[in-house]
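So this block is work_0.cif, mmCIF, C-alpha atoms:
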data_protein
loop_
_atom_site.group_PDB
_atom_site.id
_atom_site.type_symbol
_atom_site.label_atom_id
_atom_site.label_comp_id
_atom_site.auth_asym_id
_atom_site.auth_seq_id
_atom_site.Cartn_x
_atom_site.Cartn_y
_atom_site.Cartn_z
ATOM 1 C CA MET A 142 214.305 33.276 64.273
ATOM 2 C CA THR A 143 213.550 29.610 63.617
ATOM 3 C CA GLN A 144 209.803 30.214 63.458
ATOM 4 C CA THR A 145 210.288 33.170 61.106
ATOM 5 C CA LEU A 146 212.627 31.120 58.924
ATOM 6 C CA GLN A 147 210.212 28.205 58.810
ATOM 7 C CA SER A 148 207.239 30.406 57.941
ATOM 8 C CA HIS A 149 209.236 32.135 55.202
ATOM 9 C CA LEU A 150 210.387 28.770 53.863
ATOM 10 C CA ASP A 151 206.720 27.710 53.740
ATOM 11 C CA LEU A 152 205.894 30.791 51.642
ATOM 12 C CA VAL A 153 208.825 30.188 49.289
ATOM 13 C CA GLU A 154 207.900 26.529 48.836
ATOM 14 C CA GLN A 155 204.270 27.437 48.180
ATOM 15 C CA GLN A 156 205.248 29.993 45.524
ATOM 16 C CA PHE A 157 207.797 27.570 44.050
ATOM 17 C CA ASN A 158 205.065 24.943 43.651
ATOM 18 C CA GLU A 159 202.825 27.526 42.004
ATOM 19 C CA VAL A 160 205.518 28.469 39.481
ATOM 20 C CA ALA A 161 206.212 24.789 38.770
ATOM 21 C CA SER A 162 202.522 24.097 38.154
ATOM 22 C CA ILE A 163 202.198 27.158 35.887
ATOM 23 C CA LEU A 164 205.241 25.979 33.933
ATOM 24 C CA ALA A 165 203.837 22.455 33.647
ATOM 25 C CA ALA A 166 200.458 23.798 32.505
ATOM 26 C CA ASP A 167 202.193 26.104 29.977
ATOM 27 C CA ASP A 168 200.235 29.094 31.284
ATOM 28 C CA THR A 169 202.257 32.000 29.942
ATOM 29 C CA ARG A 170 199.807 34.647 31.152
ATOM 30 C CA HIS A 171 200.623 34.068 34.821
ATOM 31 C CA MET A 172 204.276 33.068 34.515
ATOM 32 C CA ALA A 173 205.764 36.563 34.820
ATOM 33 C CA SER A 174 203.815 37.544 37.934
ATOM 34 C CA ALA A 175 204.384 34.197 39.658
ATOM 35 C CA SER A 176 208.106 34.264 38.846
ATOM 36 C CA SER A 177 208.525 37.808 40.143
ATOM 37 C CA ALA A 178 206.713 36.851 43.372
ATOM 38 C CA LEU A 179 209.034 33.853 43.754
ATOM 39 C CA GLN A 180 212.057 36.067 43.165
ATOM 40 C CA ALA A 181 210.906 38.544 45.820
ATOM 41 C CA LEU A 182 210.364 35.737 48.327
ATOM 42 C CA ALA A 183 213.759 34.210 47.511
ATOM 43 C CA VAL A 184 215.487 37.566 48.048
ATOM 44 C CA GLY A 185 213.662 37.923 51.357
ATOM 45 C CA LEU A 186 214.794 34.435 52.349
ATOM 46 C CA ALA A 187 218.402 35.255 51.487
ATOM 47 C CA GLN A 188 218.211 38.418 53.592
ATOM 48 C CA LEU A 189 216.583 36.525 56.445
ATOM 49 C CA ILE A 190 219.247 33.820 56.436
ATOM 50 C CA GLY A 191 222.071 36.326 56.122
ATOM 51 C CA PRO A 192 225.621 35.009 56.212
ATOM 52 C CA ALA A 193 226.355 31.330 55.723
ATOM 53 C CA ALA A 194 227.509 31.055 59.335
ATOM 54 C CA ARG A 195 223.962 31.746 60.521
ATOM 55 C CA LEU A 196 222.579 28.986 58.303
ATOM 56 C CA ARG A 197 224.982 26.501 59.891
ATOM 57 C CA THR A 198 223.345 27.121 63.261
ATOM 58 C CA ALA A 199 219.846 26.517 61.862
ATOM 59 C CA PRO A 200 218.093 23.192 62.451
ATOM 60 C CA GLU A 201 218.994 20.382 60.044
ATOM 61 C CA ALA A 202 215.427 20.228 58.694
ATOM 62 C CA ASP A 203 215.601 23.884 57.605
ATOM 63 C CA ILE A 204 218.957 23.324 55.943
ATOM 64 C CA GLU A 205 217.537 20.369 54.007
ATOM 65 C CA ARG A 206 214.557 22.474 52.903
ATOM 66 C CA VAL A 207 216.890 25.200 51.609
ATOM 67 C CA LYS A 208 218.960 22.592 49.736
ATOM 68 C CA ALA A 209 215.819 21.077 48.203
ATOM 69 C CA LEU A 210 214.649 24.530 47.099
ATOM 70 C CA SER A 211 218.060 25.198 45.565
ATOM 71 C CA LYS A 212 217.925 21.987 43.530
ATOM 72 C CA GLY A 213 214.347 22.717 42.528
ATOM 73 C CA MET A 214 215.265 26.214 41.363
ATOM 74 C CA SER A 215 217.999 24.840 39.128
ATOM 75 C CA LEU A 216 215.492 22.377 37.641
ATOM 76 C CA LEU A 217 213.051 25.228 37.003
ATOM 77 C CA CYS A 218 215.803 27.218 35.279
ATOM 78 C CA ASP A 219 216.678 24.243 33.072
ATOM 79 C CA THR A 220 213.034 23.730 32.171
ATOM 80 C CA LEU A 221 212.587 27.405 31.338
ATOM 81 C CA SER A 222 215.745 27.357 29.191
ATOM 82 C CA ARG A 223 214.472 24.305 27.346
ATOM 83 C CA ARG A 224 211.096 25.963 26.805
ATOM 84 C CA ALA A 225 212.796 29.113 25.486
ATOM 85 C CA ALA A 226 214.812 27.008 23.018
ATOM 86 C CA TYR A 227 211.595 25.367 21.772
ATOM 87 C CA VAL A 228 209.977 28.767 21.284
ATOM 88 C CA ASN A 229 213.011 30.121 19.418
ATOM 89 C CA GLN A 230 213.084 27.057 17.160
ATOM 90 C CA ALA A 231 209.377 27.413 16.450
ATOM 91 C CA LEU A 232 209.875 31.077 15.598
ATOM 92 C CA ARG A 233 212.642 30.173 13.162
ATOM 93 C CA ILE A 234 210.268 27.752 11.452
ATOM 94 C CA VAL A 235 207.337 30.165 11.299
ATOM 95 C CA VAL A 236 209.368 33.279 10.455
ATOM 96 C CA PRO A 237 212.481 32.121 8.615
ATOM 97 C CA THR A 238 215.401 34.483 8.299
ATOM 98 C CA PRO A 239 217.198 34.751 4.975
ATOM 99 C CA ALA A 240 220.376 32.743 4.754
ATOM 100 C CA LYS A 241 223.607 34.701 4.651
ATOM 101 C CA SER A 242 225.649 34.441 1.512
ATOM 102 C CA THR A 243 228.650 32.207 1.839
ATOM 103 C CA TYR A 244 230.998 34.242 -0.313
ATOM 104 C CA SER A 245 229.997 37.833 0.331
ATOM 105 C CA SER A 246 232.162 39.973 2.523
ATOM 106 C CA PRO A 247 231.661 43.608 3.424
ATOM 107 C CA ARG A 248 235.340 44.346 2.621
ATOM 108 C CA SER A 249 235.664 42.429 -0.618
ATOM 109 C CA PRO A 250 233.667 42.990 -3.803
ATOM 110 C CA PHE A 251 234.053 39.330 -4.783
ATOM 111 C CA GLY A 252 230.784 37.485 -4.376
ATOM 112 C CA GLY A 253 229.001 40.551 -3.077
ATOM 113 C CA VAL A 254 227.201 43.514 -4.538
ATOM 114 C CA ILE A 255 229.539 46.146 -5.928
ATOM 115 C CA GLN A 256 228.978 49.487 -4.254
ATOM 116 C CA GLN A 257 229.662 52.718 -6.060
ATOM 117 C CA SER A 258 231.908 55.131 -4.235
ATOM 118 C CA GLY A 259 230.901 58.193 -6.274
ATOM 119 C CA GLN A 260 234.483 58.935 -7.233
ATOM 120 C CA PHE A 261 236.042 58.571 -10.664
ATOM 121 C CA LYS A 262 239.663 57.594 -10.715
ATOM 122 C CA VAL A 263 241.658 58.856 -13.628
ATOM 123 C CA LEU A 264 244.838 57.161 -14.751
ATOM 124 C CA ALA A 265 247.358 59.333 -16.518
ATOM 125 C CA ALA A 266 250.387 58.086 -18.402
#
Output the file's structure in the form of structure tokens.
Amino acid sequence: MTQTLQSHLDLVEQQFNEVASILAADDTRHMASASSALQALAVGLAQLIGPAARLRTAPEADIERVKALSKGMSLLCDTLSRRAAYVNQALRIVVPTPAKSTYSSPRSPFGGVIQQSGQFKVLAA
């Protein structure tokens, strides 16, 4: 099992480095395929490791590699979130959305457009 775990960890680390380099190079064409390959390898690693009790019996070097990959994954997620925020901000600048009126309310006619109901109300004395 140790050899299988080590070889799978090598594959995950290799794919992780590829995703990190694609993210650093801002290569959006290959990001989806590289990320899905990394996800598949990570799921395979989780299935290979199994319960946490089995990981405790693994060699210390393998445990450290898994911890380093975990920290690296969280850094990749933070970087991707930051990049998504930059893209959303740029989209707001390029394609601005109209500002909502401060005083209009869908329930109140004050400050909003008056909508006709189609009914005439008659007052009788």
Hey, which of A:Met172, A:Leu146, A:Leu221, A:Val153 ends up closest to Leu196 (chain A)? Count only C-alpha atoms.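 Looking at the shortest contact to Leu196 (chain A), the residue is A:Leu146.
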How many Å separate CA of Ala173 (chain A) from CA of Glu205 (chain A)?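 Rounded to one decimal, the two atoms are 27.7 Å apart.
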Please compute the CA of Thr238 (chain A)-CA of Ala225 (chain A) distance, one decimal, in Å.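 Here the two named atoms are 18.2 Å from each other.
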Going by the chain IDs and residue numbers used in this file, which residues fall under the PyMOL selection byres ((chain A and resi 176-183) around 10)? Write them as a list in words.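 With the shown file as input, the PyMOL selection byres ((chain A and resi 176-183) around 10) matches His149, Leu150, Leu152, Val153, Glu154, Gln155, Gln156, Phe157, Asn158, Glu159, Val160, Ala161, Ile163, His171, Met172, Ala173, Ser174, Ala175, Val184, Gly185, Leu186, Ala187, Gln188, Leu189 and Leu210 of chain A.
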Please determine, counting all atoms listed in the file, which residue among A:Asp151, A:Thr145, A:Asn229, A:Leu164 has the shortest atom-to-atom distance to Leu217 (chain A).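 Answer, going by the shortest atom-to-atom distance: A:Leu164.
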Between CA of Lys208 (chain A) and CA of Gly191 (chain A) lies a distance of 15.5 Å
I need region 169-213 of chain A written out with C-alpha atoms, as a PDB file, in the first residue's frame; please produce it.
ATOM      1  CA  THR A 169      -7.818  30.153 -18.845  1.00  0.00           C
ATOM      2  CA  ARG A 170      -8.041  27.747 -21.784  1.00  0.00           C
ATOM      3  CA  HIS A 171      -6.433  24.882 -19.870  1.00  0.00           C
ATOM      4  CA  MET A 172      -7.657  25.687 -16.364  1.00  0.00           C
ATOM      5  CA  ALA A 173     -10.888  23.672 -16.502  1.00  0.00           C
ATOM      6  CA  SER A 174      -9.295  20.471 -17.793  1.00  0.00           C
ATOM      7  CA  ALA A 175      -6.332  20.679 -15.410  1.00  0.00           C
ATOM      8  CA  SER A 176      -8.608  21.382 -12.436  1.00  0.00           C
ATOM      9  CA  SER A 177     -10.909  18.477 -13.260  1.00  0.00           C
ATOM     10  CA  ALA A 178      -7.885  16.156 -13.568  1.00  0.00           C
ATOM     11  CA  LEU A 179      -6.647  17.364 -10.172  1.00  0.00           C
ATOM     12  CA  GLN A 180     -10.079  16.783  -8.669  1.00  0.00           C
ATOM     13  CA  ALA A 181     -10.205  13.229 -10.033  1.00  0.00           C
ATOM     14  CA  LEU A 182      -6.749  12.479  -8.637  1.00  0.00           C
ATOM     15  CA  ALA A 183      -7.669  13.988  -5.261  1.00  0.00           C
ATOM     16  CA  VAL A 184     -10.818  11.845  -5.072  1.00  0.00           C
ATOM     17  CA  GLY A 185      -8.735   8.792  -5.937  1.00  0.00           C
ATOM     18  CA  LEU A 186      -6.268   9.709  -3.197  1.00  0.00           C
ATOM     19  CA  ALA A 187      -9.071  10.074  -0.660  1.00  0.00           C
ATOM     20  CA  GLN A 188     -10.430   6.657  -1.635  1.00  0.00           C
ATOM     21  CA  LEU A 189      -6.961   5.136  -1.479  1.00  0.00           C
ATOM     22  CA  ILE A 190      -6.283   6.536   1.984  1.00  0.00           C
ATOM     23  CA  GLY A 191      -9.716   5.568   3.262  1.00  0.00           C
ATOM     24  CA  PRO A 192     -10.480   6.191   6.919  1.00  0.00           C
ATOM     25  CA  ALA A 193      -8.309   8.478   9.009  1.00  0.00           C
ATOM     26  CA  ALA A 194      -7.123   5.512  11.070  1.00  0.00           C
ATOM     27  CA  ARG A 195      -5.341   4.105   8.018  1.00  0.00           C
ATOM     28  CA  LEU A 196      -3.539   7.400   7.431  1.00  0.00           C
ATOM     29  CA  ARG A 197      -2.203   7.308  10.992  1.00  0.00           C
ATOM     30  CA  THR A 198      -0.386   4.071  10.193  1.00  0.00           C
ATOM     31  CA  ALA A 199       1.223   5.550   7.064  1.00  0.00           C
ATOM     32  CA  PRO A 200       4.848   6.704   7.135  1.00  0.00           C
ATOM     33  CA  GLU A 201       5.456  10.209   8.492  1.00  0.00           C
ATOM     34  CA  ALA A 202       6.784  11.418   5.124  1.00  0.00           C
ATOM     35  CA  ASP A 203       3.491  10.512   3.416  1.00  0.00           C
ATOM     36  CA  ILE A 204       1.501  12.262   6.122  1.00  0.00           C
ATOM     37  CA  GLU A 205       3.589  15.411   5.660  1.00  0.00           C
ATOM     38  CA  ARG A 206       3.039  15.272   1.890  1.00  0.00           C
ATOM     39  CA  VAL A 207      -0.735  15.033   2.394  1.00  0.00           C
ATOM     40  CA  LYS A 208      -0.636  17.988   4.814  1.00  0.00           C
ATOM     41  CA  ALA A 209       1.416  20.046   2.352  1.00  0.00           C
ATOM     42  CA  LEU A 210      -1.055  19.242  -0.435  1.00  0.00           C
ATOM     43  CA  SER A 211      -3.935  20.262   1.823  1.00  0.00           C
ATOM     44  CA  LYS A 212      -2.345  23.638   2.556  1.00  0.00           C
ATOM     45  CA  GLY A 213      -1.522  24.100  -1.111  1.00  0.00           C
TER      46      GLY A 213
END
